[in-house]
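Raw target-v8.cif, mmCIF, C-alpha atoms:
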data_model
#
loop_
_atom_site.label_atom_id
_atom_site.label_comp_id
_atom_site.auth_asym_id
_atom_site.auth_seq_id
_atom_site.Cartn_x
_atom_site.Cartn_y
_atom_site.Cartn_z
CA MET E 1 6.47 4.98 6.83
CA LYS E 2 9.77 5.74 8.43
CA LYS E 3 9.66 5.20 12.15
CA PHE E 4 11.72 7.31 14.43
CA LEU E 5 11.96 8.16 18.07
CA THR E 6 12.73 11.61 19.39
CA LEU E 7 14.13 11.63 22.91
CA ILE E 8 14.47 15.02 24.61
CA ILE E 9 16.42 14.93 27.85
CA LEU E 10 15.87 17.80 30.22
CA CYS E 11 18.21 17.72 33.21
CA THR E 12 17.50 20.16 36.03
CA LEU E 13 19.98 20.56 38.86
CA PHE E 14 18.62 21.88 42.13
CA SER E 15 21.12 23.04 44.72
CA PHE E 16 19.06 21.50 47.51
CA ILE E 17 18.63 18.08 45.91
CA THR E 18 21.29 15.40 45.97
CA PRO E 19 21.76 13.58 43.69
CA VAL E 20 20.65 15.21 40.44
CA GLU E 21 17.06 14.51 39.37
CA LYS E 22 16.74 13.66 35.70
CA VAL E 23 13.51 14.42 33.87
CA PHE E 24 12.91 12.78 30.48
CA ALA E 25 10.19 13.99 28.12
CA ILE E 26 9.55 11.47 25.36
CA SER E 27 7.77 12.34 22.13
CA PHE E 28 6.80 9.59 19.63
CA THR E 29 5.86 10.79 16.17
CA GLY E 30 5.52 9.11 12.81
CA MET E 31 5.12 5.65 14.32
CA ASP E 32 2.43 3.41 12.80
CA PHE E 33 0.98 0.77 15.12
CA SER E 34 -2.13 -0.06 13.07
CA ASN E 35 -0.72 -3.32 11.63
CA VAL E 36 0.32 -5.17 14.76
CA ASN E 37 -0.84 -8.58 13.49
CA PRO E 38 0.38 -10.36 10.34
CA ARG E 39 -1.87 -11.95 7.74
CA VAL E 40 -2.21 -15.67 8.38
CA ARG E 41 -4.09 -18.57 6.87
CA ILE E 42 -7.45 -19.58 8.31
CA LYS E 43 -6.09 -23.08 8.98
CA ASP E 44 -3.53 -21.60 11.39
CA VAL E 45 -6.12 -20.07 13.74
CA VAL E 46 -9.06 -22.55 13.67
CA GLU E 47 -9.90 -26.20 14.15
CA LEU E 48 -12.77 -28.22 12.72
CA GLU E 49 -15.61 -28.98 15.10
CA GLY E 50 -15.99 -32.74 15.51
CA MET E 51 -12.34 -33.47 14.75
CA ARG E 52 -10.68 -33.89 18.13
CA SER E 53 -8.01 -35.92 19.83
CA ASN E 54 -8.83 -38.47 22.53
CA GLN E 55 -6.77 -39.46 25.53
CA LEU E 56 -5.98 -43.12 26.17
CA SER E 57 -4.57 -44.73 29.29
CA GLY E 58 -3.63 -48.12 30.61
CA VAL E 59 -1.49 -50.12 33.03
CA GLY E 60 1.24 -52.55 32.05
CA LEU E 61 4.32 -54.48 33.06
CA VAL E 62 7.88 -53.68 31.96
CA THR E 63 10.23 -56.65 32.10
CA GLY E 64 13.96 -57.15 31.61
CA LEU E 65 15.14 -54.57 34.12
CA ASN E 66 18.58 -55.00 35.67
CA GLY E 67 17.51 -55.12 39.31
CA THR E 68 15.81 -51.72 39.20
CA GLY E 69 12.19 -52.90 39.30
CA ASP E 70 9.45 -52.92 41.95
CA ASN E 71 9.08 -55.07 45.01
CA SER E 72 5.50 -54.12 45.84
CA ALA E 73 2.46 -56.37 46.29
CA MET E 74 0.88 -54.75 43.22
CA THR E 75 3.74 -55.98 41.04
CA VAL E 76 3.46 -59.51 42.41
CA GLN E 77 -0.30 -59.58 41.80
CA MET E 78 -0.01 -58.29 38.23
CA MET E 79 2.75 -60.79 37.46
CA ARG E 80 0.60 -63.64 38.76
CA ASN E 81 -2.42 -62.44 36.74
CA MET E 82 -0.38 -62.22 33.55
CA MET E 83 1.08 -65.72 33.96
CA ARG E 84 -2.40 -67.09 34.76
CA ASN E 85 -3.52 -65.91 31.30
CA PHE E 86 -0.79 -68.13 29.85
CA GLY E 87 -1.90 -71.12 31.92
CA VAL E 88 0.84 -70.82 34.55
CA THR E 89 -0.05 -70.65 38.25
CA LEU E 90 2.52 -68.96 40.47
CA ASP E 91 2.78 -68.81 44.23
CA ALA E 92 3.30 -65.31 45.63
CA ARG E 93 6.53 -66.37 47.33
CA SER E 94 8.02 -67.68 44.08
CA VAL E 95 7.72 -64.36 42.21
CA ARG E 96 10.89 -62.26 42.04
CA THR E 97 10.04 -58.72 41.00
CA ARG E 98 13.29 -56.75 40.98
CA ASN E 99 13.45 -57.15 37.20
CA ILE E 100 9.80 -56.09 36.67
CA ALA E 101 8.01 -52.76 37.09
CA VAL E 102 4.35 -51.74 37.04
CA VAL E 103 3.93 -48.75 34.75
CA SER E 104 1.27 -46.26 33.78
CA LEU E 105 0.65 -45.87 30.04
CA THR E 106 -0.73 -42.74 28.41
CA ALA E 107 -1.24 -41.85 24.76
CA THR E 108 -3.20 -39.44 22.58
CA LEU E 109 -5.25 -40.74 19.69
CA PRO E 110 -5.27 -37.89 17.13
CA PRO E 111 -8.03 -37.37 14.58
CA TYR E 112 -7.83 -38.97 11.12
CA VAL E 113 -5.79 -41.93 12.47
CA ARG E 114 -7.17 -45.24 11.26
CA ALA E 115 -7.00 -48.79 12.59
CA GLY E 116 -3.62 -50.35 11.88
CA GLN E 117 -1.63 -47.13 12.21
CA THR E 118 0.67 -46.53 15.18
CA ILE E 119 0.87 -43.85 17.86
CA ASP E 120 3.44 -42.96 20.52
CA VAL E 121 3.06 -44.06 24.15
CA ASN E 122 4.40 -42.49 27.34
CA VAL E 123 5.51 -44.85 30.10
CA SER E 124 6.05 -43.95 33.77
CA THR E 125 6.58 -46.07 36.87
CA MET E 126 3.80 -46.50 39.44
CA GLY E 127 5.78 -48.27 42.17
CA ASN E 128 9.26 -47.87 43.62
CA ALA E 129 11.20 -48.92 40.53
CA SER E 130 14.35 -46.82 40.19
CA SER E 131 14.88 -47.09 36.42
CA LEU E 132 13.18 -48.37 33.25
CA GLN E 133 16.43 -48.53 31.29
CA GLY E 134 16.65 -51.67 29.16
CA GLY E 135 13.03 -52.69 29.85
CA VAL E 136 10.42 -54.06 27.45
CA LEU E 137 6.70 -53.39 27.81
CA VAL E 138 4.50 -56.48 27.71
CA GLN E 139 1.42 -56.17 25.48
CA SER E 140 -1.05 -53.86 27.23
CA PRO E 141 -4.41 -52.42 26.16
CA LEU E 142 -5.04 -48.66 26.05
CA ARG E 143 -8.59 -47.60 26.81
CA GLY E 144 -10.56 -44.43 26.31
CA ALA E 145 -12.91 -42.71 28.76
CA ASP E 146 -15.73 -44.95 27.53
CA GLY E 147 -13.82 -48.07 28.65
CA LYS E 148 -13.26 -49.37 25.11
CA VAL E 149 -9.87 -50.52 23.88
CA TYR E 150 -8.61 -48.20 21.13
CA ALA E 151 -4.96 -49.30 20.92
CA VAL E 152 -2.55 -51.98 22.13
CA ALA E 153 0.99 -51.10 23.21
CA GLN E 154 4.11 -53.26 23.28
CA GLY E 155 7.83 -52.91 22.74
CA PRO E 156 11.16 -51.68 24.18
CA VAL E 157 11.05 -48.59 26.35
CA MET E 158 13.24 -45.66 25.30
CA VAL E 159 14.55 -43.83 28.39
CA GLY E 160 16.20 -40.42 28.17
CA GLY E 161 18.09 -40.75 31.44
CA PHE E 162 20.21 -43.28 33.27
CA GLN E 163 21.21 -44.34 36.73
CA ALA E 164 24.59 -45.81 37.67
CA GLN E 165 25.78 -46.79 41.11
CA GLY E 166 28.62 -48.53 42.84
CA GLY E 167 29.78 -49.33 46.32
CA GLY E 168 30.81 -45.74 47.06
CA GLY E 169 28.15 -43.69 45.32
CA SER E 170 25.69 -43.30 42.48
CA ARG E 171 24.80 -40.91 39.68
CA THR E 172 21.45 -40.19 38.02
CA GLN E 173 21.02 -38.31 34.74
CA ASN E 174 17.57 -36.86 33.88
CA ILE E 175 14.55 -38.99 34.88
CA PRO E 176 15.13 -42.72 34.32
CA THR E 177 11.68 -43.65 35.66
CA VAL E 178 9.89 -42.14 32.63
CA GLY E 179 10.19 -43.49 29.10
CA ARG E 180 8.56 -43.51 25.70
CA LEU E 181 7.57 -45.99 23.00
CA PRO E 182 7.80 -44.21 19.62
CA GLY E 183 5.11 -45.77 17.47
CA GLY E 184 4.73 -48.40 20.18
CA ALA E 185 0.93 -48.75 20.07
CA ILE E 186 -1.17 -50.12 17.20
CA VAL E 187 -4.57 -48.49 16.78
CA GLU E 188 -7.34 -51.08 16.93
CA ARG E 189 -10.38 -48.79 16.71
CA ASP E 190 -10.56 -45.43 14.93
CA LEU E 191 -12.77 -42.53 15.83
CA PRO E 192 -15.70 -41.41 13.68
CA ASN E 193 -15.01 -38.32 11.55
CA ASP E 194 -18.28 -36.40 11.67
CA TYR E 195 -17.45 -32.84 10.70
CA THR E 196 -20.11 -32.22 8.02
CA ARG E 197 -23.44 -32.31 9.78
CA GLY E 198 -26.43 -31.33 7.69
CA GLY E 199 -24.28 -29.84 4.95
CA GLN E 200 -22.44 -27.56 7.39
CA VAL E 201 -18.97 -27.33 8.89
CA ALA E 202 -18.05 -25.33 12.00
CA LEU E 203 -14.72 -23.65 12.56
CA LEU E 204 -13.54 -23.31 16.18
CA LEU E 205 -11.13 -20.46 16.90
CA ARG E 206 -8.11 -21.38 19.01
CA ASP E 207 -8.19 -17.86 20.50
CA PRO E 208 -11.86 -16.78 20.57
CA ASP E 209 -12.37 -13.21 19.42
CA PHE E 210 -15.45 -11.57 17.86
CA THR E 211 -13.43 -9.47 15.42
CA THR E 212 -11.38 -12.42 14.19
CA ALA E 213 -14.51 -14.56 13.81
CA GLN E 214 -16.16 -11.88 11.67
CA ARG E 215 -13.04 -11.49 9.53
CA ILE E 216 -12.96 -15.26 8.89
CA ALA E 217 -16.61 -15.21 7.81
CA ASP E 218 -16.01 -12.19 5.56
CA ALA E 219 -13.01 -13.83 3.87
CA ILE E 220 -15.01 -17.02 3.16
CA ASN E 221 -18.02 -15.07 1.87
CA ARG E 222 -15.87 -13.03 -0.51
CA GLN E 223 -14.54 -16.24 -2.04
CA PHE E 224 -17.57 -18.57 -2.00
CA GLY E 225 -20.58 -16.29 -1.57
CA ALA E 226 -22.78 -15.73 1.50
CA VAL E 227 -22.17 -19.11 3.15
CA ALA E 228 -20.48 -18.27 6.49
CA TYR E 229 -21.49 -16.46 9.66
CA PRO E 230 -20.05 -16.31 13.22
CA SER E 231 -22.32 -17.83 15.85
CA ASP E 232 -20.16 -16.48 18.69
CA ALA E 233 -16.58 -15.35 19.40
CA GLY E 234 -15.19 -18.87 19.09
CA ARG E 235 -17.28 -20.49 16.33
CA VAL E 236 -17.90 -19.77 12.65
CA VAL E 237 -20.61 -21.79 10.85
CA VAL E 238 -20.10 -22.46 7.14
CA ASN E 239 -22.76 -23.88 4.83
CA LEU E 240 -21.19 -26.03 2.15
CA PRO E 241 -21.64 -24.46 -1.29
CA ALA E 242 -23.75 -26.54 -3.66
CA ALA E 243 -20.72 -27.26 -5.84
CA TYR E 244 -18.92 -28.87 -2.90
CA LEU E 245 -21.69 -30.95 -1.28
CA ALA E 246 -20.24 -34.12 -2.75
CA ALA E 247 -16.64 -33.14 -2.02
CA PRO E 248 -16.44 -31.30 1.33
CA THR E 249 -12.70 -31.97 1.64
CA ALA E 250 -12.05 -30.02 -1.57
CA PHE E 251 -13.96 -27.06 -0.11
CA LEU E 252 -11.99 -27.24 3.15
CA ALA E 253 -8.69 -27.41 1.25
CA ASN E 254 -9.54 -24.22 -0.66
CA MET E 255 -11.08 -22.43 2.30
CA GLU E 256 -8.35 -23.05 4.87
CA ASN E 257 -5.71 -21.31 2.72
CA LEU E 258 -7.57 -18.00 2.65
CA GLU E 259 -5.68 -15.31 4.53
CA ILE E 260 -7.02 -13.04 7.26
CA GLU E 261 -5.59 -10.59 9.76
CA PRO E 262 -6.47 -11.92 13.24
CA ASP E 263 -7.24 -9.52 16.05
CA THR E 264 -6.03 -10.01 19.61
CA SER E 265 -6.80 -8.53 22.99
CA ALA E 266 -4.30 -6.11 24.46
CA LYS E 267 -2.18 -8.13 26.90
CA VAL E 268 1.16 -7.86 28.64
CA ALA E 269 2.59 -11.09 30.10
CA VAL E 270 5.36 -10.83 32.69
CA ASN E 271 7.33 -13.46 34.57
CA GLU E 272 8.95 -12.06 37.70
CA ARG E 273 11.01 -15.21 38.31
CA SER E 274 12.84 -15.05 34.99
CA GLY E 275 12.45 -11.34 34.23
CA THR E 276 10.56 -12.02 30.97
CA VAL E 277 8.23 -9.41 29.45
CA VAL E 278 6.04 -10.29 26.45
CA MET E 279 3.58 -7.71 25.13
CA GLY E 280 1.16 -7.18 22.31
CA GLY E 281 1.81 -4.30 19.96
CA ASN E 282 -1.68 -2.85 20.52
CA VAL E 283 -1.31 -2.20 24.26
CA LYS E 284 -1.64 1.53 24.96
CA ILE E 285 -0.66 3.67 27.95
CA SER E 286 -2.42 6.82 29.06
CA SER E 287 -0.48 10.00 29.71
CA VAL E 288 1.64 9.16 32.72
CA ALA E 289 4.88 10.08 34.46
CA VAL E 290 7.04 7.32 35.96
CA ALA E 291 9.81 7.70 38.54
CA HIS E 292 11.96 4.73 39.45
CA GLY E 293 15.08 4.77 41.58
CA ASN E 294 17.26 2.40 43.59
CA LEU E 295 18.33 2.74 47.19
CA THR E 296 21.43 0.88 48.37
CA ILE E 297 22.37 0.67 52.06
CA SER E 298 25.82 -0.72 52.86
CA ILE E 299 26.81 -1.61 56.43
CA GLU E 300 30.48 -2.39 57.08
CA GLU E 301 31.95 -3.50 60.38
CA ASP E 302 35.49 -2.22 61.12
CA PRO E 303 36.74 -3.61 64.47
CA ASN E 304 39.64 -1.68 66.06
CA VAL E 305 41.95 -3.21 68.67
CA VAL E 306 42.73 -0.73 71.49
CA GLN E 307 46.06 -1.39 73.24
CA PRO E 308 46.54 0.41 76.63
CA ASN E 309 49.78 1.94 77.86
CA PRO E 310 52.06 -0.79 79.22
CA LEU E 311 52.40 1.03 82.57
CA GLY E 312 48.80 2.16 82.78
CA GLY E 313 47.36 -1.09 84.11
CA GLY E 314 44.56 -1.19 81.48
CA GLU E 315 43.24 -4.13 79.43
CA THR E 316 43.35 -4.77 75.71
CA ALA E 317 39.91 -4.31 74.17
CA VAL E 318 38.25 -4.43 70.76
CA GLU E 319 36.35 -1.34 69.72
CA GLN E 320 33.54 -1.99 67.24
CA ARG E 321 33.19 0.68 64.55
CA THR E 322 30.31 0.55 62.08
CA ASN E 323 30.29 2.46 58.79
CA VAL E 324 26.85 2.94 57.25
CA THR E 325 26.72 4.19 53.67
CA VAL E 326 23.50 5.10 51.91
CA ASP E 327 23.70 5.39 48.11
CA GLU E 328 20.54 6.59 46.43
CA GLU E 329 20.80 6.50 42.67
CA GLY E 330 19.21 9.30 40.74
CA SER E 331 15.51 8.72 40.16
CA THR E 332 14.53 8.62 36.51
CA MET E 333 11.37 10.50 35.57
CA LEU E 334 9.72 9.46 32.31
CA ALA E 335 6.98 11.71 30.97
CA MET E 336 5.02 10.06 28.14
CA PRO E 337 2.05 11.21 26.04
CA ALA E 338 -1.21 9.29 25.79
CA THR E 339 -0.22 7.77 22.41
CA THR E 340 2.61 5.80 23.96
CA THR E 341 2.55 2.01 23.64
CA VAL E 342 4.21 -0.53 25.92
CA ARG E 343 6.68 -1.24 23.13
CA ASP E 344 7.74 2.42 23.19
CA LEU E 345 8.08 2.38 26.96
CA VAL E 346 10.24 -0.75 27.00
CA ARG E 347 12.43 0.58 24.19
CA VAL E 348 13.14 3.76 26.14
CA LEU E 349 13.74 1.91 29.41
CA ASN E 350 16.21 -0.37 27.65
CA ALA E 351 18.01 2.69 26.33
CA LEU E 352 18.29 3.87 29.94
CA SER E 353 19.83 0.47 30.91
CA ALA E 354 16.81 -0.58 32.96
CA THR E 355 16.81 -4.27 33.84
CA PRO E 356 13.88 -6.56 32.92
CA ARG E 357 12.86 -6.70 36.58
CA ASP E 358 12.79 -2.89 36.70
CA ILE E 359 10.56 -2.90 33.62
CA ILE E 360 8.20 -5.42 35.24
CA GLU E 361 7.90 -3.32 38.39
CA ILE E 362 7.20 -0.20 36.32
CA LEU E 363 4.54 -1.99 34.25
CA GLN E 364 2.85 -3.27 37.40
CA ALA E 365 2.84 0.22 38.88
CA ILE E 366 1.36 1.70 35.69
CA ASP E 367 -1.34 -0.97 35.71
CA ARG E 368 -2.26 -0.24 39.34
CA ALA E 369 -2.47 3.45 38.47
CA GLY E 370 -5.07 2.62 35.80
CA ALA E 371 -2.92 3.92 32.95
CA LEU E 372 -2.24 0.55 31.26
CA HIS E 373 -5.04 -0.19 28.78
CA GLY E 374 -4.75 -3.93 28.50
CA GLU E 375 -4.60 -7.06 30.63
CA LEU E 376 -1.47 -7.58 32.70
CA VAL E 377 -0.88 -11.32 33.04
CA THR E 378 1.57 -12.54 35.68
CA MET E 379 2.98 -15.98 34.92
#

Let's see the structure in the file written out as structure tokens.
Amino acid sequence: MKKFLTLIILCTLFSFITPVEKVFAISFTGMDFSNVNPRVRIKDVVELEGMRSNQLSGVGLVTGLNGTGDNSAMTVQMMRNMMRNFGVTLDARSVRTRNIAVVSLTATLPPYVRAGQTIDVNVSTMGNASSLQGGVLVQSPLRGADGKVYAVAQGPVMVGGFQAQGGGGSRTQNIPTVGRLPGGAIVERDLPNDYTRGGQVALLLRDPDFTTAQRIADAINRQFGAVAYPSDAGRVVVNLPAAYLAAPTAFLANMENLEIEPDTSAKVAVNERSGTVVMGGNVKISSVAVAHGNLTISIEEDPNVVQPNPLGGGETAVEQRTNVTVDEEGSTMLAMPATTTVRDLVRVLNALSATPRDIIEILQAIDRAGALHGELVTM
């Protein structure tokens, strides 16, 4: 259907009003907003229950730094503990730590990763080290919340920044105290993959919605029979068909490629700091009239030197003159019918050269007036 916008501008000039007031009546006809969401695969909007990532953490030592390490008691103690494991006893006074740094290690163990595979590790300083550039992480265990070791990390630290200094100054680029070990941890213990309990699988919606959950169940039932039902807005339970009990992965591979049209709540997200406006196509506005104008006050000081008559016996003085100018731009009145969407409103405001911050202020005012039918989210 051809979409078009009819804009009727009615300008009324009153002899007793300065400047001219502009009244805009906007009529939107022939515009179809029923299909605001595309068709997507089920795999793009759900996750399998039981298949989750797990966070790992640890503490380690980075060696080989060029004088940018720690000098804290924690570093000395960790260095002594590490050398004790190798049968070397060190006195606290004999440890030099400027080439060593204590670091915090974090990693995410994704599902389906098995023992022997590698994962990435994030490294960040815990003490007063100024840079990790050129450092190498000594073998360090990564533990889960249960205290068990799931991976072991070791290797050179990749730093995205640098620090250089001389006798007269220094320069720092990005953050040299944070680094990364790509594939730097070897998985020692994998997680159990228990996603078929009692011949069932559960799909968890990334954005819970009752309508979307029902559409997912309907799409699965049309393809495989009456096997799926939504238990709530964020979970769809699927009974494995008899033909797939021995091969649940084959069922999941066929099921996740089915297409649905997800439904979303009406939301408008605005960021006043950056002037960003992001809206859903299904946000509606009740019949409303909007006026928005700018007031500019300019104050200019114009000092004037007053010189008396040479024979008058007066004194030279400075006379302060202040010019105050008030410039009120013409207010713009927008009259919109109840079928107007936020997309229509923003399109018209852009045509009137309204700035993003003006649009945000207008949307906030419409929301406070109760005419915006959707959630206004301020970031």

At most 12 Å is the cut-off: for each residue in region 121-204 of chain E with any atom that close to an atom of region 208-224 of chain E, write down the nearest atom pair and the distance in Å rounded to one decimal, counting only C-alpha atoms, chain first then increasing number, as a tab-separated table.
residue	atom	partner	partner_atom	distance
E:Ala202	CA	E:Ala217	CA	11.0
E:Leu203	CA	E:Ala213	CA	9.2
E:Leu204	CA	E:Pro208	CA	8.0

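If you apply the PyMOL selection byres ((chain E and resi 267) around 6) to this structure, you end up with Ala266, Val268, Gly280, Gly374, Glu375 and Leu376 of chain E.
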
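Close contacts of Met79 (chain E), defined as residues with an atom at most 9 Å away when counting all atoms listed in the file, with chain neighbours fewer than 5 positions off set aside, comprise Leu61, Met74, Arg84, Leu90, Val95, Thr97 and Ile100 of chain E.
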
Non-local contacts of Val45 (chain E) (9 Å; only C-alpha atoms; under 3 positions in same chain excluded) as a compact mmCIF listing (two decimals) with C-alpha atoms, keeping the file's coordinate frame:
# COMPACT_ATOMS: atom_id res chain seq x y z
CA VAL E 40 -2.21 -15.67 8.38
CA ARG E 41 -4.09 -18.57 6.87
CA ILE E 42 -7.45 -19.58 8.31
CA LEU E 204 -13.54 -23.31 16.18
CA LEU E 205 -11.13 -20.46 16.90
CA ARG E 206 -8.11 -21.38 19.01
CA ASP E 207 -8.19 -17.86 20.50
CA PRO E 262 -6.47 -11.92 13.24

Selection: 9 Å around Thr118 (chain E), all atoms listed in the file, excl. self and same-chain fewer than 4 positions, as a PyMOL selection string: chain E and resi 113-114+151+182-187

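You will find CA of Gly179 (chain E) at 5.0 Å from CA of Val123 (chain E).
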
Applying the PyMOL selection byres ((chain E and resi 250-260) around 6) to the file I just gave you, which residues come out? Please list them as a PyMOL selection string. chain E and resi 39-43+244+247-249+261

Next, dump the selected residues to file, keeping only C-alpha atoms, as a PDB file, in the coordinates of the input.
ATOM      1  CA  ARG E  39      -1.870 -11.950   7.740  1.00  0.00           C
ATOM      2  CA  VAL E  40      -2.210 -15.670   8.380  1.00  0.00           C
ATOM      3  CA  ARG E  41      -4.090 -18.570   6.870  1.00  0.00           C
ATOM      4  CA  ILE E  42      -7.450 -19.580   8.310  1.00  0.00           C
ATOM      5  CA  LYS E  43      -6.090 -23.080   8.980  1.00  0.00           C
ATOM      6  CA  TYR E 244     -18.920 -28.870  -2.900  1.00  0.00           C
ATOM      7  CA  ALA E 247     -16.640 -33.140  -2.020  1.00  0.00           C
ATOM      8  CA  PRO E 248     -16.440 -31.300   1.330  1.00  0.00           C
ATOM      9  CA  THR E 249     -12.700 -31.970   1.640  1.00  0.00           C
ATOM     10  CA  GLU E 261      -5.590 -10.590   9.760  1.00  0.00           C
TER      11      GLU E 261
END

Tell me which protein, DNA and RNA residues are within 6 Å of region 364-372 of chain E, counting all atoms listed in the file, leaving out same-chain ones fewer than 2 positions away, and put them as a list in words. Ile285, Ser286, Glu361, Ile362 and Gly374 of chain E

Could you add the missing atoms to region 231-238 of chain E, up to all heavy atoms, and return them as a PDB file, in the frame of the given file?
ATOM      1  N   SER E 231     -21.255 -17.611  14.862  1.00  0.00           N
ATOM      2  CA  SER E 231     -22.320 -17.830  15.850  1.00  0.00           C
ATOM      3  C   SER E 231     -21.939 -17.257  17.213  1.00  0.00           C
ATOM      4  O   SER E 231     -22.814 -16.933  18.013  1.00  0.00           O
ATOM      5  CB  SER E 231     -22.612 -19.330  15.993  1.00  0.00           C
ATOM      6  OG  SER E 231     -21.442 -20.029  16.412  1.00  0.00           O
ATOM      7  N   ASP E 232     -20.656 -17.146  17.481  1.00  0.00           N
ATOM      8  CA  ASP E 232     -20.160 -16.480  18.690  1.00  0.00           C
ATOM      9  C   ASP E 232     -18.685 -16.173  18.468  1.00  0.00           C
ATOM     10  O   ASP E 232     -18.172 -16.303  17.351  1.00  0.00           O
ATOM     11  CB  ASP E 232     -20.384 -17.322  19.953  1.00  0.00           C
ATOM     12  CG  ASP E 232     -19.834 -18.736  19.835  1.00  0.00           C
ATOM     13  OD1 ASP E 232     -18.673 -18.884  19.396  1.00  0.00           O
ATOM     14  OD2 ASP E 232     -20.550 -19.692  20.171  1.00  0.00           O
ATOM     15  N   ALA E 233     -17.990 -15.761  19.549  1.00  0.00           N
ATOM     16  CA  ALA E 233     -16.580 -15.350  19.400  1.00  0.00           C
ATOM     17  C   ALA E 233     -15.662 -16.515  19.058  1.00  0.00           C
ATOM     18  O   ALA E 233     -14.554 -16.284  18.561  1.00  0.00           O
ATOM     19  CB  ALA E 233     -16.097 -14.675  20.683  1.00  0.00           C
ATOM     20  N   GLY E 234     -16.079 -17.735  19.297  1.00  0.00           N
ATOM     21  CA  GLY E 234     -15.190 -18.870  19.090  1.00  0.00           C
ATOM     22  C   GLY E 234     -15.653 -19.846  18.029  1.00  0.00           C
ATOM     23  O   GLY E 234     -15.035 -20.907  17.860  1.00  0.00           O
ATOM     24  N   ARG E 235     -16.725 -19.512  17.270  1.00  0.00           N
ATOM     25  CA  ARG E 235     -17.280 -20.490  16.330  1.00  0.00           C
ATOM     26  C   ARG E 235     -17.822 -19.791  15.090  1.00  0.00           C
ATOM     27  O   ARG E 235     -18.582 -18.823  15.199  1.00  0.00           O
ATOM     28  CB  ARG E 235     -18.383 -21.292  17.011  1.00  0.00           C
ATOM     29  CG  ARG E 235     -18.933 -22.471  16.218  1.00  0.00           C
ATOM     30  CD  ARG E 235     -19.849 -23.288  17.116  1.00  0.00           C
ATOM     31  NE  ARG E 235     -20.372 -24.462  16.452  1.00  0.00           N
ATOM     32  CZ  ARG E 235     -21.569 -24.498  15.836  1.00  0.00           C
ATOM     33  NH1 ARG E 235     -22.333 -23.411  15.829  1.00  0.00           N
ATOM     34  NH2 ARG E 235     -21.996 -25.597  15.256  1.00  0.00           N
ATOM     35  N   VAL E 236     -17.411 -20.281  13.923  1.00  0.00           N
ATOM     36  CA  VAL E 236     -17.900 -19.770  12.650  1.00  0.00           C
ATOM     37  C   VAL E 236     -18.566 -20.937  11.914  1.00  0.00           C
ATOM     38  O   VAL E 236     -17.933 -21.972  11.688  1.00  0.00           O
ATOM     39  CB  VAL E 236     -16.764 -19.186  11.789  1.00  0.00           C
ATOM     40  CG1 VAL E 236     -17.289 -18.735  10.425  1.00  0.00           C
ATOM     41  CG2 VAL E 236     -16.095 -18.025  12.512  1.00  0.00           C
ATOM     42  N   VAL E 237     -19.844 -20.761  11.562  1.00  0.00           N
ATOM     43  CA  VAL E 237     -20.610 -21.790  10.850  1.00  0.00           C
ATOM     44  C   VAL E 237     -20.522 -21.522   9.365  1.00  0.00           C
ATOM     45  O   VAL E 237     -20.719 -20.394   8.909  1.00  0.00           O
ATOM     46  CB  VAL E 237     -22.079 -21.809  11.314  1.00  0.00           C
ATOM     47  CG1 VAL E 237     -22.863 -22.878  10.559  1.00  0.00           C
ATOM     48  CG2 VAL E 237     -22.152 -22.071  12.810  1.00  0.00           C
ATOM     49  N   VAL E 238     -20.231 -22.580   8.587  1.00  0.00           N
ATOM     50  CA  VAL E 238     -20.100 -22.460   7.140  1.00  0.00           C
ATOM     51  C   VAL E 238     -21.021 -23.481   6.484  1.00  0.00           C
ATOM     52  O   VAL E 238     -20.916 -24.685   6.746  1.00  0.00           O
ATOM     53  CB  VAL E 238     -18.646 -22.700   6.682  1.00  0.00           C
ATOM     54  CG1 VAL E 238     -18.522 -22.484   5.178  1.00  0.00           C
ATOM     55  CG2 VAL E 238     -17.682 -21.793   7.432  1.00  0.00           C
TER      56      VAL E 238
END
